[in-house]
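Taking it in order: structure first as structure tokens, then the write-up.
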Amino acid sequence: MRIAVIGAGAIGGTITALLDRAGHDVAITARGEQLTTISSSGLRISGGWGEHLARPRASAVLDATPEMAFICTKAQDAADAIAANAEWLTGIPVVIVQNGLDGVRVAEDLLPDSPIVGAIAVYAASYVHPGLIDVTAAGPTVIGIDDPTRRQIAAEVSAVLGEAMPTELVADFRGAQWSKLIVNQVNAMPAITGLSAQETLVHPVLGHIVTASMREAVRIGFATGVRFASLQGLGQTLLRAFALAPIAIGRVLPRVMASRMGDTPNPGSTLQSIRRGQPTEIDFLNGAVVRAASAAGLTAPINECLTELVHRVEKSGDFLEIEEVAAVFRRIG
Ligand SMILES: NC(=O)C1=CN([C@@H]2O[C@H](COP(=O)(O)OP(=O)(O)OC[C@H]3O[C@@H](n4cnc5c(N)ncnc54)[C@H](OP(=O)(O)O)[C@@H]3O)[C@@H](O)[C@H]2O)C=CC1
Ligand SMILES: CC(C)(CO)C(=O)C(=O)O
């Protein structure tokens, strides 16, 4: 099948390489050194799904209409990326592989004549350098079948992607997005400290703060009527217990998440943006929790503080020492 991937980073690179390995004709949009390298030497994947050197067609924007497309940018870049390729994306299934809550709506607004399918990557990948993506933890791609008019198309997307990597269908995509938003509570601390997600989750002080932010996000979810769908072991029942439990007991959850990430250090996608000097997605992660709280007349001070600290590191380029982070959170209680 002729498939396009927009965004040649960790997730777009992984999808491209694995679809290429499965025998599909893949075109990828890329920029700068990543474009030059993929065009000259191909795109290599390593890690959880083995090694493969893919030879996709690479260009700055698409130049033909594929039969299916995957949008794999960070949330803040999706609108520009879709707009730049819109003429080639009209009328075909477009799959938005993105964290946060907004991806499907943004794509639907820009591509009213294309069936949009929401997807969530539940694996971890790192952009190592131009031409090389490393899968640090394998896992499924969760695909939404919540819209009955697009259920068949979502099933086709799952069948095609399923030839390349594991997929799961989920009826409550919004609930799955919220569960992933809770998982993404692990992203901020690596971006603030420069440490891996595993290091921050097991650290006595940083892990405590992540547990508190996660619990705050879960509580905001419940307070605003979210039904958490089952994703990575998280779901309504476990998260209800987590929301009520004292922090000392809740600490188990981030520790379990760290052990599930395995031994390869996972920087998370937010620290990867910081390392490349790019704007982060934090306004769509912890920031989404703050907005959900505010819309319901509530506050989410821990998520607000984490969002601000990530923006501080984004601007300065300097990571915070653990003691500095601890002092900030002591002040907000
Ligand atoms: N990495 C991970 O382990 C996981 C990531 N996710 C989610 O997947 C999504 C993608 O993340 P990830 O792959 O890590 O992000 P990356 O930053 O690695 O990749 C994003 C890619 O999009 C490209 N891009 C940015 N703007 C445009 C544009 N206007 N037109 C075309 N391409 C553009 C970037 O190019 P350039 O570098 O030139 O700006 C980059 O290659 C995010 O929502 C993330 O939260 C979900 C699960 C795990
Ligand atoms: C779950 C996690 C942390 C996997 O890397 C992720 O979704 C991300 O990096 O954005």
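To be explicit about the labels: the chains of the structure tokens are called A, B, and onward in the order shown, and within each one the residues are counted from 1, while ligands get numbers from 1 in the order they are shown.
By only C-alpha atoms, and with residues fewer than 5 positions from range 15-25 of chain A along its chain excluded, the set lying at most 8 Å from it is Met1, Arg2, Ile3, Val5, Leu43, Arg44, Ile45, His52, Leu53, Ala54, Arg55, Pro56, Leu161, Glu163, Ala164 and Met165 of chain A.
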Please write the residues from the selection above to a file, keeping C-alpha atoms, as a PDB file, in the first residue's frame.
```
ATOM      1  CA  MET A   1       0.000   0.000   0.000  1.00  0.00           C
ATOM      2  CA  ARG A   2       1.158   3.593  -0.647  1.00  0.00           C
ATOM      3  CA  ILE A   3       1.463   5.153   2.795  1.00  0.00           C
ATOM      4  CA  VAL A   5       4.132   9.579   7.166  1.00  0.00           C
ATOM      5  CA  LEU A  43      16.325   5.444   7.868  1.00  0.00           C
ATOM      6  CA  ARG A  44      17.600   2.907  10.386  1.00  0.00           C
ATOM      7  CA  ILE A  45      15.633   1.562  13.334  1.00  0.00           C
ATOM      8  CA  HIS A  52      15.977  -2.500   9.906  1.00  0.00           C
ATOM      9  CA  LEU A  53      17.297  -0.075   7.313  1.00  0.00           C
ATOM     10  CA  ALA A  54      14.349   1.445   5.467  1.00  0.00           C
ATOM     11  CA  ARG A  55      14.588   3.262   2.157  1.00  0.00           C
ATOM     12  CA  PRO A  56      11.433   5.396   2.132  1.00  0.00           C
ATOM     13  CA  LEU A 161      -0.354  -1.044  10.843  1.00  0.00           C
ATOM     14  CA  GLU A 163       1.397  -5.986   9.827  1.00  0.00           C
ATOM     15  CA  ALA A 164       4.215  -3.808  11.165  1.00  0.00           C
ATOM     16  CA  MET A 165       3.656  -3.514  14.939  1.00  0.00           C
TER      17      MET A 165
END
```
**Message:** Around ligand 1, which protein and nucleic acid residues have at least one atom no more than 7 Å from it, if we count only C-alpha atoms and all ligand atoms? List them as number ranges by chain.
**Reply:** A: 6-12, 29-32, 72-75, 77-78, 80-81, 84, 97-100, 120-127, 268-269, 273, 281
Residues from last step as file, C-alpha atoms, as a short mmCIF file (atom, residue, chain, number, x, y, z; two decimals), in the first residue's frame:
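again-v1.cif was written with the following content:
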```
data_model
loop_
_atom_site.label_atom_id
_atom_site.label_comp_id
_atom_site.auth_asym_id
_atom_site.auth_seq_id
_atom_site.Cartn_x
_atom_site.Cartn_y
_atom_site.Cartn_z
CA ILE A 6 4.25 13.27 8.08
CA GLY A 7 6.96 14.00 10.66
CA ALA A 8 10.22 12.07 10.66
CA GLY A 9 10.93 12.01 14.39
CA ALA A 10 10.89 9.15 16.91
CA ILE A 11 7.33 7.96 16.23
CA GLY A 12 7.12 8.82 12.52
CA THR A 29 8.20 14.12 5.03
CA ALA A 30 11.35 15.30 6.77
CA ARG A 31 13.39 18.45 7.16
CA GLY A 32 16.98 19.61 7.52
CA CYS A 72 3.40 12.03 13.66
CA THR A 73 4.39 15.54 14.77
CA LYS A 74 4.24 16.95 18.27
CA ALA A 75 0.82 18.45 19.06
CA ASP A 77 3.17 21.35 15.04
CA ALA A 78 0.28 19.27 13.76
CA ASP A 80 1.17 23.48 10.22
CA ALA A 81 2.22 20.00 9.10
CA ALA A 84 1.39 22.10 4.30
CA VAL A 97 -0.58 9.49 16.29
CA GLN A 98 -0.25 11.97 19.10
CA ASN A 99 -0.27 12.49 22.84
CA GLY A 100 -2.60 15.05 24.41
CA ILE A 120 -1.92 6.60 20.63
CA ALA A 121 1.61 5.18 20.67
CA VAL A 122 2.08 3.05 23.77
CA TYR A 123 5.73 2.35 23.02
CA ALA A 124 8.78 4.54 23.54
CA ALA A 125 11.19 5.66 20.85
CA SER A 126 14.16 8.00 20.73
CA TYR A 127 15.49 10.06 17.86
CA GLY A 268 10.53 10.73 27.04
CA SER A 269 9.52 12.80 24.06
CA SER A 273 12.64 18.23 22.30
CA GLU A 281 4.63 19.70 23.87
#
```
**Request:** Would you kindly return, as a ChimeraX atom specification, each protein, DNA or RNA residue with an atom no farther than 8 Å from any atom of Glu216 in chain A, considering only C-alpha atoms and excluding same-chain residues fewer than 4 positions away?
**Result:** /A:212,220,243,300,302-303
Can I get the selection written as a short mmCIF file (atom, residue, chain, number, x, y, z; two decimals), in the first residue's frame, with C-alpha atoms?
```cif
data_model
loop_
_atom_site.label_atom_id
_atom_site.label_comp_id
_atom_site.auth_asym_id
_atom_site.auth_seq_id
_atom_site.Cartn_x
_atom_site.Cartn_y
_atom_site.Cartn_z
CA ALA A 212 1.46 13.97 43.41
CA ILE A 220 -9.18 16.43 37.80
CA ALA A 243 -6.92 9.03 43.42
CA ALA A 300 -4.13 22.01 39.26
CA ILE A 302 1.29 20.87 40.63
CA ASN A 303 0.62 20.43 36.91
#
```
**Item:** Contacts of Ala326 in chain A at 10 Å (only C-alpha atoms; same-chain gap of 5+ positions) as an MDAnalysis selection string
**Value:** chainID A and resid 205:206 208:209 320:321 331
Residues just named, written with C-alpha atoms as a short mmCIF file (atom, residue, chain, number, x, y, z; two decimals), in the first residue's frame:
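Result saved to out06.cif:
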```
data_model
loop_
_atom_site.label_atom_id
_atom_site.label_comp_id
_atom_site.auth_asym_id
_atom_site.auth_seq_id
_atom_site.Cartn_x
_atom_site.Cartn_y
_atom_site.Cartn_z
CA VAL A 205 11.99 13.25 45.94
CA LEU A 206 11.25 13.50 42.21
CA HIS A 208 7.10 11.78 45.08
CA ILE A 209 6.39 14.94 43.05
CA LEU A 320 17.42 22.25 37.30
CA GLU A 321 19.22 20.50 40.13
CA ARG A 331 6.84 26.28 48.35
#
```
**Prompt:** Among range 61-224 of chain A, which residues carry a DSSP assignment of alpha helix (DSSP H), reported as a ChimeraX atom specification?
**Reply:** /A:78-89,103-110,151-162,173-183,188-193,197-202,204-223
